[in-house]
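Chemist: Below you'll find the structure I mean.
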Amino acid sequence: MNYLNYDFIASTHLHYLKSYRYKGTDQSLLYNYILSPLAELCLRFVPMNVAPNVLTLMGLACIILPHILYFFVMGDNFAGFIPNWLLWLTALLHMLYMNFDNLDGKQARRTKNSSPLGMILDHNFDSMIILLQGTSMTTAMQFGNTIFSVILYIIPSVPFYIIAHEEYYTHEMNLPIINAAAEGTVSVAVIFAATAYYGCGMWVQKLPWFFNYQINQFVMLMFIISVIITMPAVFLKIKKFTSITSLLKQLRYFFFFNIVILYSIIFSQSNVIQNHVRAYMYTVGFTMSKAVGVVALNHVSNQKLPEYQNSIYIYVVIFLNTISGQILGQSIINEGFLIQFAATASFLIHIHFLYNVARQISEALNIKIFQINSINK
């Protein structure tokens with residue numbers, strides 16, 4: 001198995017792992033007065049020998065389960081009737097995920113088992129959840145097998161990725177009074193609950209007072225506006241530590257692979273997204289998750305951020321193949337096959353990254369990943 005091993009942290013930077021300490025605050029009233037006290041209450045029932053990373057993994061499982069159920073119930077149809085039990089279950093499990101997401105940090109501090117690996121896994125799993133829950137949410141909101149399903153995923157991934165850079169440059173994660181981690185996450189559960197209560201048809205009803213937009217289109221527009229409004233404050237924070245030009249240079253890779261995905265959908269000669277929405281979302285989603293993990297990894301190890309990652313070559317091929325279709329009338333490589341290959345490759349590359357990060361950090365710090373290393377009451 002040695003040929004699978006790759007060290008993402010240079011040996012000269014491993015010592016930074018020992019001195020790393022997470023710094024962050026959450027000013028959300030919802031978090032401080034409801035979500036955090038609830039997690040503190042639940043913490044009383046968590047045994048001291050349960051590792052924080054186990055709680056993080058349990059939170060991820062709460063999202064994976066409905067994601068799988070949606071696949072078996074809906075197949076690759078991202079619109080249509082969804083059983084009420086599945087919508088209510090998704091809403092409930094999403095709230096459980098939130099609780100586990102708050103519990104893991106509290107358990108880490110309680111048992112003095114905080115580690116840079118725990119922070120990386122937490123951020124990386126959260127970015128995966130945007131993808132996995134995004135496929136369920138776009139189905140609930142009836143966007144169907146269209147480019148809008150992919151756009152609905154991309155919208156929250158933009159601030160998530162930029163905020164990861166904020167933590168990298170400022171060495172802190174300070175969330176404002178209204179933020180995506182608290183209010184935003186609860187709103188996702190509300191969307192599933194509202195869909196269960198009012199029915200999936202609510203999302204395609206038109207709003208005569210707003211240019212006859214469908215409700216789902218209006219909500220997507222509000223999501224975009226919220227990102228536009230909140231991001232300047234993040235850029236101003238980062239500007240204190242590096243130039244905006246330098247930041248934008250670091251974001252080029254992220255914007256490149258998102259633009260290529262959208263370009264390949266818009267100019268597809270075979271309307272390939274009609275049968276492969278999931279593959280498109282997996283491709284861009286797992287690429288983004290690894291990109292977030294790379295930012296977090298370089299943050300805890302005090303390394304420079306790479307200008308791009310090797311996954312860029314997948315997108316270069318997709319881009320050139322789309323152009324070949326525009327020129328020749330038919331793509332050189334079958335578009336359906338290519339996007340399925342890209343999705344599989346993106347998933348495996350992400351798994352490879354997680355495996356090696358966990359291996360290298362656990363070896364460097366001599367810690368166990370899913371076991372308590374020492375209990376301090």
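Residue numbering restarts at 1 in every chain; chains get A, B, ... in the order shown in the structure tokens, and ligands count up from 1 in that same order.
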Counting only C-alpha atoms, which residues of region 151-207 of chain A sit at most 10 Å from some atom of region 97-101 of chain A, and what is each one's closest atom pair with its distance in Å to one decimal, listed by chain and rising residue number, as a Markdown table?
Modeler:
| residue | atom | partner | partner_atom | distance |
| --- | --- | --- | --- | --- |
| A:Ala181 | CA | A:Met98 | CA | 8.7 |
| A:Ala182 | CA | A:Met98 | CA | 8.3 |
| A:Thr185 | CA | A:Met98 | CA | 7.5 |
| A:Val186 | CA | A:Met98 | CA | 8.2 |
| A:Ala189 | CA | A:Met98 | CA | 9.9 |
Chemist: Only N, CA, C and O atoms, please: the residues just picked out, written as an mmCIF file, in the first residue's frame.
Modeler:
data_model
loop_
_atom_site.group_PDB
_atom_site.id
_atom_site.type_symbol
_atom_site.label_atom_id
_atom_site.label_comp_id
_atom_site.auth_asym_id
_atom_site.auth_seq_id
_atom_site.Cartn_x
_atom_site.Cartn_y
_atom_site.Cartn_z
ATOM 1 N N ALA A 181 -23.230 28.877 9.363
ATOM 2 C CA ALA A 181 -23.030 27.712 10.232
ATOM 3 C C ALA A 181 -24.206 27.482 11.168
ATOM 4 O O ALA A 181 -24.498 26.339 11.534
ATOM 5 N N ALA A 182 -24.888 28.550 11.564
ATOM 6 C CA ALA A 182 -26.013 28.423 12.492
ATOM 7 C C ALA A 182 -27.339 28.636 11.757
ATOM 8 O O ALA A 182 -28.056 27.682 11.443
ATOM 9 N N THR A 185 -27.638 26.789 8.343
ATOM 10 C CA THR A 185 -27.842 25.340 8.444
ATOM 11 C C THR A 185 -29.250 25.008 8.908
ATOM 12 O O THR A 185 -29.875 24.061 8.401
ATOM 13 N N VAL A 186 -29.779 25.783 9.860
ATOM 14 C CA VAL A 186 -31.149 25.562 10.320
ATOM 15 C C VAL A 186 -32.135 25.810 9.176
ATOM 16 O O VAL A 186 -33.138 25.092 9.033
ATOM 17 N N ALA A 189 -32.830 22.745 7.147
ATOM 18 C CA ALA A 189 -33.813 21.846 7.765
ATOM 19 C C ALA A 189 -35.224 22.389 7.581
ATOM 20 O O ALA A 189 -36.176 21.623 7.350
#
Chemist: Do a neighbour search on region 119-134 of chain A at 7 Å with only C-alpha atoms, toss out local chain neighbours closer than 2 positions, and write the hits as a PDB file with all heavy atoms, in the first residue's frame.
Modeler:
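Listed below is the output, around_26.pdb:
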ATOM      1  N   THR A  56     -17.928  13.608  14.952  1.00  0.00           N
ATOM      2  CA  THR A  56     -17.883  14.264  13.635  1.00  0.00           C
ATOM      3  C   THR A  56     -18.363  13.304  12.553  1.00  0.00           C
ATOM      4  O   THR A  56     -19.143  13.680  11.667  1.00  0.00           O
ATOM      5  CB  THR A  56     -16.458  14.731  13.310  1.00  0.00           C
ATOM      6  OG1 THR A  56     -15.964  15.545  14.376  1.00  0.00           O
ATOM      7  CG2 THR A  56     -16.419  15.521  12.017  1.00  0.00           C
ATOM      8  N   LEU A  60     -21.705  13.301   9.918  1.00  0.00           N
ATOM      9  CA  LEU A  60     -21.666  13.043   8.480  1.00  0.00           C
ATOM     10  C   LEU A  60     -22.633  11.922   8.099  1.00  0.00           C
ATOM     11  O   LEU A  60     -23.316  11.991   7.070  1.00  0.00           O
ATOM     12  CB  LEU A  60     -20.246  12.689   8.048  1.00  0.00           C
ATOM     13  CG  LEU A  60     -20.036  12.343   6.574  1.00  0.00           C
ATOM     14  CD1 LEU A  60     -20.392  13.520   5.677  1.00  0.00           C
ATOM     15  CD2 LEU A  60     -18.590  11.904   6.317  1.00  0.00           C
ATOM     16  N   ILE A  63     -26.155  12.773   7.279  1.00  0.00           N
ATOM     17  CA  ILE A  63     -26.397  13.349   5.962  1.00  0.00           C
ATOM     18  C   ILE A  63     -26.281  12.278   4.877  1.00  0.00           C
ATOM     19  O   ILE A  63     -27.013  12.297   3.883  1.00  0.00           O
ATOM     20  CB  ILE A  63     -25.406  14.500   5.684  1.00  0.00           C
ATOM     21  CG1 ILE A  63     -25.497  15.554   6.783  1.00  0.00           C
ATOM     22  CG2 ILE A  63     -25.676  15.120   4.320  1.00  0.00           C
ATOM     23  CD1 ILE A  63     -26.854  16.189   6.949  1.00  0.00           C
ATOM     24  N   ILE A  64     -25.353  11.343   5.066  1.00  0.00           N
ATOM     25  CA  ILE A  64     -25.168  10.279   4.072  1.00  0.00           C
ATOM     26  C   ILE A  64     -26.413   9.404   3.962  1.00  0.00           C
ATOM     27  O   ILE A  64     -26.818   9.011   2.867  1.00  0.00           O
ATOM     28  CB  ILE A  64     -23.931   9.422   4.419  1.00  0.00           C
ATOM     29  CG1 ILE A  64     -22.648  10.241   4.230  1.00  0.00           C
ATOM     30  CG2 ILE A  64     -23.887   8.166   3.560  1.00  0.00           C
ATOM     31  CD1 ILE A  64     -21.386   9.497   4.624  1.00  0.00           C
ATOM     32  N   HIS A  67     -29.133  10.906   1.915  1.00  0.00           N
ATOM     33  CA  HIS A  67     -28.596  11.018   0.552  1.00  0.00           C
ATOM     34  C   HIS A  67     -28.756   9.693  -0.188  1.00  0.00           C
ATOM     35  O   HIS A  67     -29.178   9.661  -1.356  1.00  0.00           O
ATOM     36  CB  HIS A  67     -27.124  11.409   0.612  1.00  0.00           C
ATOM     37  CG  HIS A  67     -26.479  11.537  -0.732  1.00  0.00           C
ATOM     38  ND1 HIS A  67     -26.667  12.629  -1.559  1.00  0.00           N
ATOM     39  CD2 HIS A  67     -25.652  10.696  -1.415  1.00  0.00           C
ATOM     40  CE1 HIS A  67     -25.989  12.458  -2.681  1.00  0.00           C
ATOM     41  NE2 HIS A  67     -25.357  11.302  -2.612  1.00  0.00           N
ATOM     42  N   SER A 115      -7.180  18.449  18.182  1.00  0.00           N
ATOM     43  CA  SER A 115      -6.019  18.222  17.313  1.00  0.00           C
ATOM     44  C   SER A 115      -6.250  18.905  15.979  1.00  0.00           C
ATOM     45  O   SER A 115      -7.401  19.140  15.583  1.00  0.00           O
ATOM     46  CB  SER A 115      -5.786  16.720  17.087  1.00  0.00           C
ATOM     47  OG  SER A 115      -6.777  16.189  16.220  1.00  0.00           O
ATOM     48  N   PRO A 116      -5.188  19.235  15.259  1.00  0.00           N
ATOM     49  CA  PRO A 116      -5.361  19.809  13.917  1.00  0.00           C
ATOM     50  C   PRO A 116      -6.092  18.862  12.974  1.00  0.00           C
ATOM     51  O   PRO A 116      -6.806  19.301  12.080  1.00  0.00           O
ATOM     52  CB  PRO A 116      -3.933  20.084  13.453  1.00  0.00           C
ATOM     53  CG  PRO A 116      -3.052  19.270  14.336  1.00  0.00           C
ATOM     54  CD  PRO A 116      -3.764  19.164  15.646  1.00  0.00           C
ATOM     55  N   LEU A 117      -5.939  17.547  13.197  1.00  0.00           N
ATOM     56  CA  LEU A 117      -6.642  16.582  12.355  1.00  0.00           C
ATOM     57  C   LEU A 117      -8.146  16.710  12.549  1.00  0.00           C
ATOM     58  O   LEU A 117      -8.917  16.654  11.587  1.00  0.00           O
ATOM     59  CB  LEU A 117      -6.186  15.155  12.685  1.00  0.00           C
ATOM     60  CG  LEU A 117      -6.902  14.038  11.920  1.00  0.00           C
ATOM     61  CD1 LEU A 117      -6.725  14.211  10.412  1.00  0.00           C
ATOM     62  CD2 LEU A 117      -6.399  12.664  12.371  1.00  0.00           C
ATOM     63  N   SER A 136     -29.926  16.526  -2.227  1.00  0.00           N
ATOM     64  CA  SER A 136     -31.268  16.278  -1.677  1.00  0.00           C
ATOM     65  C   SER A 136     -32.116  17.545  -1.739  1.00  0.00           C
ATOM     66  O   SER A 136     -33.307  17.497  -2.081  1.00  0.00           O
ATOM     67  CB  SER A 136     -31.163  15.795  -0.223  1.00  0.00           C
ATOM     68  OG  SER A 136     -30.386  14.617  -0.125  1.00  0.00           O
ATOM     69  N   MET A 137     -31.508  18.690  -1.420  1.00  0.00           N
ATOM     70  CA  MET A 137     -32.260  19.940  -1.374  1.00  0.00           C
ATOM     71  C   MET A 137     -32.702  20.383  -2.762  1.00  0.00           C
ATOM     72  O   MET A 137     -33.814  20.896  -2.934  1.00  0.00           O
ATOM     73  CB  MET A 137     -31.427  21.033  -0.705  1.00  0.00           C
ATOM     74  CG  MET A 137     -32.252  22.258  -0.339  1.00  0.00           C
ATOM     75  SD  MET A 137     -31.421  23.384   0.796  1.00  0.00           S
ATOM     76  CE  MET A 137     -30.307  24.215  -0.333  1.00  0.00           C
ATOM     77  N   THR A 138     -31.840  20.200  -3.750  1.00  0.00           N
ATOM     78  CA  THR A 138     -32.229  20.605  -5.105  1.00  0.00           C
ATOM     79  C   THR A 138     -33.374  19.739  -5.617  1.00  0.00           C
ATOM     80  O   THR A 138     -34.206  20.202  -6.409  1.00  0.00           O
ATOM     81  CB  THR A 138     -31.011  20.528  -6.067  1.00  0.00           C
ATOM     82  OG1 THR A 138     -31.330  21.214  -7.257  1.00  0.00           O
ATOM     83  CG2 THR A 138     -30.639  19.097  -6.409  1.00  0.00           C
ATOM     84  N   TYR A 153     -25.880  24.192  -5.685  1.00  0.00           N
ATOM     85  CA  TYR A 153     -24.745  23.701  -4.896  1.00  0.00           C
ATOM     86  C   TYR A 153     -23.610  24.727  -4.859  1.00  0.00           C
ATOM     87  O   TYR A 153     -23.005  24.975  -3.806  1.00  0.00           O
ATOM     88  CB  TYR A 153     -24.202  22.377  -5.446  1.00  0.00           C
ATOM     89  CG  TYR A 153     -22.797  22.133  -4.964  1.00  0.00           C
ATOM     90  CD1 TYR A 153     -22.561  21.742  -3.649  1.00  0.00           C
ATOM     91  CD2 TYR A 153     -21.694  22.386  -5.786  1.00  0.00           C
ATOM     92  CE1 TYR A 153     -21.270  21.596  -3.175  1.00  0.00           C
ATOM     93  CE2 TYR A 153     -20.411  22.237  -5.318  1.00  0.00           C
ATOM     94  CZ  TYR A 153     -20.205  21.835  -4.008  1.00  0.00           C
ATOM     95  OH  TYR A 153     -18.931  21.707  -3.533  1.00  0.00           O
ATOM     96  N   GLY A 285     -18.307  18.932  -6.543  1.00  0.00           N
ATOM     97  CA  GLY A 285     -18.424  18.892  -5.086  1.00  0.00           C
ATOM     98  C   GLY A 285     -17.228  18.271  -4.396  1.00  0.00           C
ATOM     99  O   GLY A 285     -16.706  18.827  -3.414  1.00  0.00           O
ATOM    100  N   PHE A 286     -16.775  17.128  -4.877  1.00  0.00           N
ATOM    101  CA  PHE A 286     -15.625  16.479  -4.243  1.00  0.00           C
ATOM    102  C   PHE A 286     -14.327  17.230  -4.541  1.00  0.00           C
ATOM    103  O   PHE A 286     -13.398  17.214  -3.735  1.00  0.00           O
ATOM    104  CB  PHE A 286     -15.523  15.017  -4.671  1.00  0.00           C
ATOM    105  CG  PHE A 286     -16.539  14.126  -4.004  1.00  0.00           C
ATOM    106  CD1 PHE A 286     -17.515  13.480  -4.739  1.00  0.00           C
ATOM    107  CD2 PHE A 286     -16.530  13.963  -2.627  1.00  0.00           C
ATOM    108  CE1 PHE A 286     -18.460  12.678  -4.122  1.00  0.00           C
ATOM    109  CE2 PHE A 286     -17.471  13.155  -1.998  1.00  0.00           C
ATOM    110  CZ  PHE A 286     -18.447  12.513  -2.747  1.00  0.00           C
ATOM    111  N   SER A 289     -14.437  19.957  -1.966  1.00  0.00           N
ATOM    112  CA  SER A 289     -14.170  19.436  -0.625  1.00  0.00           C
ATOM    113  C   SER A 289     -12.679  19.226  -0.401  1.00  0.00           C
ATOM    114  O   SER A 289     -12.141  19.557   0.662  1.00  0.00           O
ATOM    115  CB  SER A 289     -14.919  18.117  -0.406  1.00  0.00           C
ATOM    116  OG  SER A 289     -16.305  18.332  -0.345  1.00  0.00           O
ATOM    117  N   VAL A 292     -11.012  22.654   0.016  1.00  0.00           N
ATOM    118  CA  VAL A 292     -11.194  23.171   1.377  1.00  0.00           C
ATOM    119  C   VAL A 292     -10.234  22.478   2.333  1.00  0.00           C
ATOM    120  O   VAL A 292      -9.606  23.117   3.182  1.00  0.00           O
ATOM    121  CB  VAL A 292     -12.649  22.975   1.843  1.00  0.00           C
ATOM    122  CG1 VAL A 292     -12.776  23.231   3.349  1.00  0.00           C
ATOM    123  CG2 VAL A 292     -13.581  23.898   1.087  1.00  0.00           C
ATOM    124  N   GLY A 293     -10.097  21.153   2.175  1.00  0.00           N
ATOM    125  CA  GLY A 293      -9.183  20.405   3.023  1.00  0.00           C
ATOM    126  C   GLY A 293      -7.743  20.848   2.856  1.00  0.00           C
ATOM    127  O   GLY A 293      -6.989  20.923   3.834  1.00  0.00           O
ATOM    128  N   ALA A 296      -7.266  24.096   4.775  1.00  0.00           N
ATOM    129  CA  ALA A 296      -7.197  23.816   6.217  1.00  0.00           C
ATOM    130  C   ALA A 296      -5.873  23.152   6.586  1.00  0.00           C
ATOM    131  O   ALA A 296      -5.260  23.486   7.612  1.00  0.00           O
ATOM    132  CB  ALA A 296      -8.366  22.922   6.630  1.00  0.00           C
ATOM    133  N   LEU A 297      -5.422  22.230   5.739  1.00  0.00           N
ATOM    134  CA  LEU A 297      -4.171  21.527   6.005  1.00  0.00           C
ATOM    135  C   LEU A 297      -2.990  22.493   6.012  1.00  0.00           C
ATOM    136  O   LEU A 297      -2.128  22.440   6.908  1.00  0.00           O
ATOM    137  CB  LEU A 297      -3.951  20.459   4.930  1.00  0.00           C
ATOM    138  CG  LEU A 297      -2.647  19.658   5.037  1.00  0.00           C
ATOM    139  CD1 LEU A 297      -2.694  18.721   6.227  1.00  0.00           C
ATOM    140  CD2 LEU A 297      -2.386  18.881   3.754  1.00  0.00           C
TER     141      LEU A 297
END
Chemist: Do you know which residues are at most 10 Å from Gly325 (chain A) counting only C-alpha atoms, after dropping those on the same chain fewer than 2 positions away, and could you put them as a list of chain:residue names?
Modeler: A:Ser264, A:Phe267, A:Ser268, A:Gln269, A:Ser270, A:Leu320, A:Asn321, A:Thr322, A:Ile323, A:Ile327, A:Leu328, A:Gly329, A:Gln330, A:Ser331, A:Ile332, A:Ile333, A:Asn334, A:Glu335
Chemist: Identify, with DSSP run on backbone atoms, the residues in region 13-213 of chain A assigned to helix (DSSP H, G or I), and express the list as an NGL selection string.
Modeler: :A and (13 or 15-19 or 29-43 or 52-74 or 84-111 or 116-140 or 147-170 or 180-198 or 200-204)
Chemist: Which one of A:Val46, A:Leu30, A:Ile224, A:Ile318 sits closest to Ile265 (chain A) if you count only C-alpha atoms?
Modeler: A:Ile318
Chemist: Which of these residues is nearest to Tyr198 (chain A), using only C-alpha atoms: A:Ser346, A:Ser246, A:Gln360, A:Asn84?
Modeler: A:Asn84
Chemist: Which is closer to Phe72 (chain A) than all the others in A:Leu86, A:Ile225, A:Ile372, A:Leu92, using only C-alpha atoms?
Modeler: A:Leu86
Chemist: Restricting the calculation to only C-alpha atoms, which member of A:Leu38, A:Leu57, A:Ile349, A:Val284 is positioned closest to Phe255 (chain A)?
Modeler: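 The closest residue to Phe255 (chain A) is A:Val284.
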Chemist: Residues within 10 Å of Lys18 (chain A), please, as a tab-separated table (two decimals) with all heavy atoms, in the first residue's frame. Count only C-alpha atoms; anything in the same chain fewer than 4 positions from it doesn't count.
Modeler:
chain	number	residue	atom	x	y	z
A	14	LEU	N	6.13	19.76	9.90
A	14	LEU	CA	5.37	18.88	10.79
A	14	LEU	C	5.34	19.41	12.23
A	14	LEU	O	4.37	19.19	12.96
A	14	LEU	CB	5.95	17.46	10.77
A	14	LEU	CG	5.72	16.65	9.49
A	14	LEU	CD1	6.47	15.33	9.56
A	14	LEU	CD2	4.22	16.41	9.27
A	115	SER	N	-7.18	18.45	18.18
A	115	SER	CA	-6.02	18.22	17.31
A	115	SER	C	-6.25	18.90	15.98
A	115	SER	O	-7.40	19.14	15.58
A	115	SER	CB	-5.79	16.72	17.09
A	115	SER	OG	-6.78	16.19	16.22
A	116	PRO	N	-5.19	19.24	15.26
A	116	PRO	CA	-5.36	19.81	13.92
A	116	PRO	C	-6.09	18.86	12.97
A	116	PRO	O	-6.81	19.30	12.08
A	116	PRO	CB	-3.93	20.08	13.45
A	116	PRO	CG	-3.05	19.27	14.34
A	116	PRO	CD	-3.76	19.16	15.65
A	300	VAL	N	-2.98	24.67	9.29
A	300	VAL	CA	-2.47	24.08	10.53
A	300	VAL	C	-0.97	23.77	10.44
A	300	VAL	O	-0.30	23.66	11.47
A	300	VAL	CB	-3.25	22.79	10.91
A	300	VAL	CG1	-4.73	23.09	11.07
A	300	VAL	CG2	-3.03	21.68	9.89
A	301	SER	N	-0.44	23.63	9.22
A	301	SER	CA	0.98	23.29	9.05
A	301	SER	C	1.83	24.49	8.62
A	301	SER	O	3.03	24.33	8.36
A	301	SER	CB	1.14	22.16	8.03
A	301	SER	OG	0.61	22.53	6.78
A	361	ILE	N	-0.81	13.01	9.80
A	361	ILE	CA	-0.95	13.78	11.04
A	361	ILE	C	-1.00	12.86	12.26
A	361	ILE	O	-0.38	13.16	13.30
A	361	ILE	CB	-2.20	14.67	10.99
A	361	ILE	CG1	-2.03	15.73	9.90
A	361	ILE	CG2	-2.46	15.33	12.34
A	361	ILE	CD1	-3.21	16.67	9.77
A	364	ALA	N	2.52	11.80	12.89
A	364	ALA	CA	3.37	12.90	13.35
A	364	ALA	C	3.09	13.26	14.81
A	364	ALA	O	4.00	13.57	15.58
A	364	ALA	CB	3.17	14.13	12.46
A	365	LEU	N	1.81	13.18	15.19
A	365	LEU	CA	1.43	13.55	16.56
A	365	LEU	C	1.28	12.33	17.47
A	365	LEU	O	1.01	12.48	18.67
A	365	LEU	CB	0.11	14.34	16.54
A	365	LEU	CG	0.14	15.68	15.80
A	365	LEU	CD1	-1.24	16.33	15.84
A	365	LEU	CD2	1.19	16.61	16.40
Chemist: What is the distance between CA of Ile259 (chain A) and CA of Thr287 (chain A), in Å to one decimal?
Modeler: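 Going from CA of Ile259 (chain A) over to CA of Thr287 (chain A) covers 13.1 Å.
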Chemist: Nearest to His171 (chain A): which of A:Pro37, A:Tyr16, A:Phe241, A:Val272 is it, counting only C-alpha atoms?
Modeler: A:Phe241
Chemist: Any idea what's packed within 7 Å of Gln107 (chain A), counting only C-alpha atoms, ignoring anything in its chain fewer than 4 positions away? Could you give it as a ChimeraX atom specification?
Modeler: /A:52,103,111
Chemist: Take the residues from that selection and write them out as a PDB file, in the first residue's frame, keeping C-alpha atoms.
Modeler:
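Result went into part-v4.pdb, see below:
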ATOM      1  CA  PRO A  52     -14.461  13.774  19.063  1.00  0.00           C
ATOM      2  CA  LEU A 103     -20.780  18.277  20.112  1.00  0.00           C
ATOM      3  CA  THR A 111     -11.388  15.418  27.023  1.00  0.00           C
TER       4      THR A 111
END
Chemist: Pick from A:Ile177, A:Leu262, A:Ile163, A:Met222: nearest to Phe235 (chain A), with only C-alpha atoms counted?
Modeler: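 With only C-alpha atoms as the atom set, the closest residue is A:Ile163.
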Chemist: Suppose you want the space between CA of Ser311 (chain A) and CA of Asp76 (chain A); what is it in Å?
Modeler: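 Separation between CA of Ser311 (chain A) and CA of Asp76 (chain A): 25.1 Å.
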Chemist: If you run DSSP on this backbone, which residues of region 89-298 of chain A come out as strand (DSSP E or B), and could you give them as a ChimeraX atom specification?
Modeler: /A:173-175,206-207,213-214
Chemist: Just want the 12 Å neighbourhood of Leu247 (chain A), counted on only C-alpha atoms, with same-chain residues fewer than 2 positions away dropped. Output as a list of chain:residue names.
Modeler: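 The residues that qualify are A:Tyr161, A:Ile162, A:Ile163, A:Ala164, A:His165, A:Glu166, A:Tyr168, A:Tyr169, A:Val234, A:Phe235, A:Leu236, A:Lys237, A:Ile238, A:Lys239, A:Lys240, A:Phe241, A:Thr242, A:Ser243, A:Ile244, A:Thr245, A:Lys249, A:Gln250, A:Leu251, A:Arg252, A:Tyr253, A:Phe254, A:Leu305, A:Pro306, A:Glu307.
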Chemist: In Å, rounded to a single decimal, give me how far CA of Lys23 (chain A) is from CA of Val50 (chain A).
Modeler: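 So the two atoms, CA of Val50 (chain A) and CA of Lys23 (chain A), lie 23.0 Å apart.
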